[in-house]
>>> print(open('run_14.tsv').read())   # TSV, C-alpha atoms
chain	number	residue	atom	x	y	z
J	37	MET	CA	-22.48	26.99	-15.05
J	38	THR	CA	-22.92	24.87	-11.93
J	39	ASP	CA	-20.15	25.59	-9.46
J	40	LEU	CA	-17.74	22.79	-8.57
J	41	ARG	CA	-18.93	22.47	-4.97
J	42	THR	CA	-22.46	21.75	-6.14
J	43	ARG	CA	-21.24	19.28	-8.72
J	44	LEU	CA	-19.14	17.44	-6.15
J	45	ARG	CA	-22.04	17.15	-3.73
J	46	ALA	CA	-24.05	15.51	-6.51
J	47	VAL	CA	-21.46	12.79	-7.12
J	48	PRO	CA	-22.64	9.49	-5.57
J	49	THR	CA	-20.47	8.18	-2.72
J	50	LEU	CA	-20.40	4.92	-0.78
J	51	THR	CA	-21.76	3.16	-3.85
J	52	GLY	CA	-20.35	-0.26	-2.97
J	53	THR	CA	-22.22	-3.22	-1.58
J	54	PRO	CA	-20.57	-4.23	1.71
J	55	PRO	CA	-20.60	-7.98	2.39
J	56	PRO	CA	-21.84	-9.33	5.72
J	57	TRP	CA	-19.34	-8.76	8.52
J	58	ASP	CA	-19.79	-10.46	11.86
J	59	LEU	CA	-17.83	-8.25	14.25
J	60	SER	CA	-17.95	-10.94	16.91
J	61	GLN	CA	-15.60	-13.00	14.75
J	62	ARG	CA	-12.27	-11.24	15.11
J	63	PRO	CA	-9.09	-13.09	14.13
J	64	ALA	CA	-6.21	-12.88	16.59
J	65	THR	CA	-4.08	-10.82	14.21
J	66	PRO	CA	-4.87	-8.08	11.68
J	67	GLN	CA	-2.88	-9.94	9.04
J	68	ALA	CA	-5.40	-12.80	9.13
J	69	LEU	CA	-8.38	-10.49	8.71
J	70	PHE	CA	-6.62	-8.47	6.02
J	71	VAL	CA	-5.86	-11.56	3.94
J	72	GLU	CA	-9.51	-12.57	4.31
J	73	TRP	CA	-10.68	-9.16	3.06
J	74	LEU	CA	-8.11	-9.00	0.26
J	75	SER	CA	-8.97	-12.52	-0.92
J	76	LEU	CA	-12.64	-11.56	-1.16
J	77	ALA	CA	-11.75	-8.42	-3.13
J	78	ILE	CA	-9.75	-10.52	-5.59
J	79	GLU	CA	-12.53	-13.12	-5.88
J	80	GLN	CA	-15.05	-10.32	-6.53
J	81	ASP	CA	-12.83	-8.92	-9.31
J	82	VAL	CA	-12.30	-5.60	-7.58
J	83	PRO	CA	-10.04	-3.65	-9.98
J	84	GLU	CA	-6.41	-3.66	-8.86
J	85	ALA	CA	-7.27	-4.99	-5.42
J	86	CYS	CA	-3.58	-5.06	-4.47
J	87	ALA	CA	-3.10	-1.32	-5.09
J	88	MET	CA	-2.43	0.77	-1.99
J	89	THR	CA	-1.49	4.31	-1.05
J	90	LEU	CA	1.90	4.52	0.66
J	91	SER	CA	2.33	7.63	2.81
J	92	THR	CA	5.74	8.68	4.06
J	93	VAL	CA	7.22	11.82	5.64
J	94	ARG	CA	9.56	14.22	3.86
J	95	ALA	CA	12.65	15.70	5.51
J	96	ASP	CA	10.75	18.97	6.02
J	97	GLY	CA	8.00	17.14	7.91
J	98	ARG	CA	5.43	17.32	5.12
J	99	PRO	CA	3.56	14.12	4.20
J	100	ASN	CA	4.04	12.51	0.80
J	101	ALA	CA	1.88	9.82	-0.80
J	102	ARG	CA	1.73	7.65	-3.90
J	103	VAL	CA	0.03	4.45	-5.06
J	104	LEU	CA	2.05	1.22	-5.10
J	105	ILE	CA	1.36	-2.50	-5.37
J	106	LEU	CA	1.27	-4.79	-2.34
J	107	LYS	CA	3.81	-7.60	-2.72
J	108	ASN	CA	2.92	-9.87	0.19
J	109	VAL	CA	1.54	-10.09	3.72
J	110	THR	CA	3.38	-12.23	6.26
J	111	SER	CA	3.35	-12.59	10.03
J	112	ASP	CA	5.96	-9.81	10.01
J	113	GLY	CA	3.82	-7.34	8.07
J	114	TRP	CA	2.88	-5.81	4.72
J	115	GLN	CA	5.50	-5.78	1.95
J	116	PHE	CA	6.21	-3.48	-0.99
J	117	ALA	CA	9.31	-2.84	-3.09
J	118	SER	CA	11.14	0.17	-4.51
J	119	SER	CA	14.60	1.55	-5.05
J	120	SER	CA	16.22	2.86	-1.88
J	121	THR	CA	17.45	5.83	-3.94
J	122	SER	CA	13.91	6.84	-4.96
J	123	ARG	CA	12.15	9.67	-3.18
J	124	LYS	CA	10.15	7.25	-1.06
J	125	GLY	CA	13.31	5.28	-0.28
J	126	GLN	CA	15.13	8.40	0.86
J	127	GLU	CA	12.17	9.46	3.00
J	128	LEU	CA	12.03	6.04	4.65
J	129	ALA	CA	15.76	6.20	5.36
J	130	GLN	CA	15.22	9.50	7.20
J	131	SER	CA	11.98	8.52	8.93
J	132	PRO	CA	11.32	4.74	8.86
J	133	TYR	CA	7.58	4.95	9.44
J	134	ALA	CA	4.74	4.76	6.94
J	135	ALA	CA	1.01	4.38	6.48
J	136	LEU	CA	-0.74	2.17	3.93
J	137	THR	CA	-4.31	2.74	2.76
J	138	PHE	CA	-6.40	0.23	0.82
J	139	TYR	CA	-9.84	1.15	-0.54
J	140	TRP	CA	-12.01	-1.41	-2.30
J	141	ILE	CA	-14.90	0.74	-3.57
J	142	PRO	CA	-17.19	-2.08	-4.84
J	143	LEU	CA	-17.08	-3.66	-1.37
J	144	GLY	CA	-17.31	-0.41	0.57
J	145	ARG	CA	-14.23	-1.40	2.53
J	146	GLN	CA	-11.07	0.40	3.60
J	147	VAL	CA	-8.00	-0.74	5.56
J	148	ARG	CA	-5.41	1.54	7.16
J	149	VAL	CA	-2.02	0.20	8.25
J	150	LEU	CA	0.52	2.15	10.32
J	151	GLY	CA	3.94	1.02	11.46
J	152	ARG	CA	7.69	0.99	11.25
J	153	VAL	CA	9.28	0.09	7.90
J	154	GLU	CA	12.27	-2.25	7.64
J	155	PRO	CA	14.27	-3.37	4.58
J	156	ALA	CA	14.54	-7.08	3.88
J	157	PRO	CA	17.88	-8.93	3.63
J	158	ALA	CA	19.73	-8.52	0.33
J	159	GLU	CA	18.87	-12.01	-0.92
J	160	GLU	CA	15.14	-11.39	-0.49
J	161	CYS	CA	15.43	-8.05	-2.28
J	162	ALA	CA	17.25	-9.73	-5.17
J	163	GLN	CA	14.62	-12.46	-5.37
J	164	ASP	CA	11.85	-9.86	-5.56
J	165	PHE	CA	13.70	-7.96	-8.28
J	166	LEU	CA	14.24	-11.06	-10.43
J	167	MET	CA	10.51	-11.87	-10.25
J	168	ARG	CA	9.68	-8.61	-12.02
J	169	PRO	CA	9.01	-8.54	-15.80
J	170	PRO	CA	12.10	-7.73	-17.92
J	171	GLY	CA	10.78	-4.28	-18.82
J	172	SER	CA	10.25	-3.39	-15.17
J	173	ARG	CA	13.74	-4.61	-14.29
J	174	ALA	CA	15.27	-2.54	-17.07
J	175	GLU	CA	13.48	0.60	-15.91
J	176	ALA	CA	14.57	0.01	-12.32
J	177	LEU	CA	18.19	-0.46	-13.40
J	178	VAL	CA	18.12	3.00	-14.99
J	179	GLY	CA	17.74	4.33	-11.45
J	180	ARG	CA	16.54	7.86	-12.20
J	181	GLN	CA	13.08	7.75	-10.64
J	182	SER	CA	11.72	11.25	-9.83
J	183	ALA	CA	14.73	12.99	-11.42
J	184	VAL	CA	13.94	15.88	-13.78
J	185	LEU	CA	13.45	14.67	-17.38
J	186	ALA	CA	14.43	16.97	-20.23
J	187	ASP	CA	13.23	14.82	-23.13
J	188	ARG	CA	11.08	11.66	-23.07
J	189	ALA	CA	13.28	10.22	-25.84
J	190	GLU	CA	15.97	9.79	-23.20
J	191	ILE	CA	13.81	7.12	-21.53
J	192	ASP	CA	13.87	4.80	-24.55
J	193	VAL	CA	17.65	5.04	-24.85
J	194	ALA	CA	18.31	4.49	-21.13
J	195	VAL	CA	15.87	1.58	-20.80
J	196	GLN	CA	17.21	-0.12	-23.93
J	197	GLU	CA	20.74	0.05	-22.54
J	198	GLN	CA	19.60	-1.73	-19.39
J	199	ALA	CA	17.51	-4.25	-21.36
J	200	ASP	CA	20.68	-5.17	-23.24
J	201	ARG	CA	22.49	-5.66	-19.93
J	202	ILE	CA	19.71	-7.97	-18.73
J	203	ALA	CA	19.83	-9.97	-21.96
J	204	ALA	CA	23.56	-10.49	-21.40
J	205	ASP	CA	23.13	-11.22	-17.68
J	206	PRO	CA	19.61	-12.47	-16.76
J	207	GLU	CA	20.55	-12.59	-13.05
J	208	LEU	CA	21.49	-8.91	-12.95
J	209	VAL	CA	19.97	-7.13	-9.94
J	210	ALA	CA	19.62	-3.40	-9.35
J	211	PRO	CA	21.91	-2.68	-6.37
J	212	HIS	CA	19.45	-0.35	-4.66
J	213	TRP	CA	16.32	-2.47	-5.14
J	214	THR	CA	14.72	-2.99	-1.74
J	215	LEU	CA	11.86	-5.09	-0.43
J	216	TYR	CA	10.31	-3.23	2.51
J	217	THR	CA	8.12	-4.58	5.30
J	218	VAL	CA	5.68	-2.40	7.24
J	219	ARG	CA	5.69	-3.91	10.73
J	220	ALA	CA	2.29	-2.63	11.79
J	221	ASP	CA	1.47	-1.51	15.30
J	222	GLU	CA	-1.99	-0.26	14.34
J	223	VAL	CA	-4.44	-1.52	11.71
J	224	GLU	CA	-8.00	-0.32	11.18
J	225	PHE	CA	-10.71	-2.12	9.20
J	226	TRP	CA	-13.53	0.13	7.99
J	227	GLN	CA	-16.77	-0.88	6.30
J	228	ALA	CA	-19.15	1.68	4.84
J	229	ASP	CA	-22.76	2.24	5.81
J	230	GLN	CA	-25.14	4.39	3.77
J	231	GLU	CA	-26.38	6.06	6.95
J	232	ARG	CA	-22.77	6.84	7.91
J	233	ARG	CA	-22.91	4.36	10.80
J	234	HIS	CA	-19.71	2.82	9.51
J	235	LEU	CA	-18.28	-0.32	11.09
J	236	ARG	CA	-14.77	0.23	12.42
J	237	LEU	CA	-12.46	-2.30	14.06
J	238	ARG	CA	-8.97	-1.33	15.20
J	239	TYR	CA	-6.08	-3.59	16.14
J	240	ARG	CA	-3.36	-2.05	18.35
J	241	LEU	CA	-0.10	-3.79	19.19
J	242	ASP	CA	1.10	-3.59	22.78
J	243	ASN	CA	3.04	-6.82	23.32
J	244	GLU	CA	-0.04	-8.51	21.85
J	245	TRP	CA	-2.86	-7.33	19.63
J	246	THR	CA	-5.75	-5.48	21.27
J	247	LYS	CA	-9.02	-5.33	19.29
J	248	GLU	CA	-11.48	-2.49	19.78
J	249	LEU	CA	-14.50	-1.03	18.01
J	250	LEU	CA	-14.49	2.67	17.10
J	251	TRP	CA	-17.25	5.20	16.69
J	252	PRO	CA	-18.05	6.00	13.04
>>> encode(input="run_14.tsv", output="structure tokens")
Amino acid sequence: MTDLRTRLRAVPTLTGTPPPWDLSQRPATPQALFVEWLSLAIEQDVPEACAMTLSTVRADGRPNARVLILKNVTSDGWQFASSSTSRKGQELAQSPYAALTFYWIPLGRQVRVLGRVEPAPAEECAQDFLMRPPGSRAEALVGRQSAVLADRAEIDVAVQEQADRIAADPELVAPHWTLYTVRADEVEFWQADQERRHLRLRYRLDNEWTKELLWP
């Protein structure tokens, strides 16, 4: 049997087709360039183009990561939502810094965002919650994310209880639901090259955004 290392080396990588990228055209802010890249990914039907890896830091200093959905990008930063009582919410309360990673394989493009994370005002959090589908709101109202589950049948009962509450009160909002904003101080745009001469552009915030190319 072929060993795993050999099999992995045979798996094709950098299979996407990067679009033209004129590095001389650099928007003043990383948000502007990100929206441009994201819009192209959506137009090109890249699967789940808004999916991103959120990396946080545990209390013991170890990194922790999971995939979430981007909610919005504003002049303030990149937004996502979760319960403040979830594992990620607790980690952000202890260490309010995070990294986001986007990877659009068909376009051979990656974006890395680093910065401080801040919760939005309560009214914005409530608005985000009420925009979610009823099933998602019911699950969030259960409020047991990452807790140990003894029997999957418990999920149906708990979610149905919350669905009934929503039916009786459509404006019901989970008290711990939080819209977070990553206020970036560093953003890197990476575009693949088959010869590994990748294109890399980094924005760094120091009163204003500094733009610099990086070695592959």
>>> residues_around(input="run_14.tsv", residues="Ala203 of chain J", least_positions_apart="3", cutoff="12 Å", atoms="only C-alpha atoms", output="PyMOL selection string")
chain J and resi 170-171+173-174+196-200+206-208
>>> closest_atom_pairs(input="run_14.tsv", of="segment 177-243 of chain J", to="segment 99-106 of chain J", cutoff="12 Å", atoms="only C-alpha atoms", output="tab-separated table")
residue	atom	partner	partner_atom	distance
J:Leu215	CA	J:Leu106	CA	10.8
J:Tyr216	CA	J:Leu106	CA	10.4
J:Thr217	CA	J:Leu106	CA	10.3
J:Val218	CA	J:Leu106	CA	10.8
>>> atom_distance(input="run_14.tsv", atom1="atom CA of Thr89 of chain J", atom2="atom CA of Glu248 of chain J")
24.1 Å
>>> atom_distance(input="run_14.tsv", atom1="atom CA of Trp114 of chain J", atom2="atom CA of Gln67 of chain J")
8.3 Å
>>> residues_around(input="run_14.tsv", residues="Phe165 of chain J", least_positions_apart="4", cutoff="7 Å", atoms="all atoms listed in the file", output="PyMOL selection string")
chain J and resi 161+173+209+213
>>> closest_residue(input="run_14.tsv", among="J:Arg233, J:Lys247, J:His212, J:Arg45", to="Leu59 of chain J", atoms="only C-alpha atoms")
J:Lys247
>>> residues_around(input="run_14.tsv", residues="Pro211 of chain J", least_positions_apart="3", cutoff="10 Å", atoms="only C-alpha atoms", output="list in words")
Ser119, Ser120, Thr121, Ala158, Cys161, Ala162, Phe165, Ala176, Leu177, Gly179, Leu208 and Thr214 of chain J
>>> atom_distance(input="run_14.tsv", atom1="atom CA of Leu69 of chain J", atom2="atom CA of Ile141 of chain J")
17.9 Å
>>> closest_residue(input="run_14.tsv", among="J:Lys124, J:Arg236, J:Lys107, J:Arg145", to="Pro55 of chain J", atoms="all atoms listed in the file")
J:Arg145
>>> closest_residue(input="run_14.tsv", among="J:Leu128, J:Ala46, J:Leu143, J:Ala64", to="Ala85 of chain J", atoms="only C-alpha atoms")
J:Leu143
>>> closest_residue(input="run_14.tsv", among="J:Leu150, J:Ala77, J:Leu90, J:Val178", to="Glu222 of chain J", atoms="all atoms listed in the file")
J:Leu150
>>> closest_residue(input="run_14.tsv", among="J:Gln80, J:Asp39, J:Glu231, J:Phe225", to="Leu250 of chain J", atoms="all atoms listed in the file")
J:Phe225
>>> closest_residue(input="run_14.tsv", among="J:Thr110, J:Ser131, J:Gln61, J:Thr246", to="Val93 of chain J", atoms="only C-alpha atoms")
J:Ser131
>>> axis_aligned_box(input="run_14.tsv", around="segment 194-203 of chain J", padding_each_side="3 Å", output="AutoDock Vina command-line options")
--center_x 19.2 --center_y -2.7 --center_z -21.3 --size_x 12.6 --size_y 20.5 --size_z 11.2
>>> residues_near_point(input="run_14.tsv", point="(13.6, 5.8, 9.1)", cutoff="10 Å", atoms="only C-alpha atoms", output="PyMOL selection string")
chain J and resi 92-93+125-134+152-154
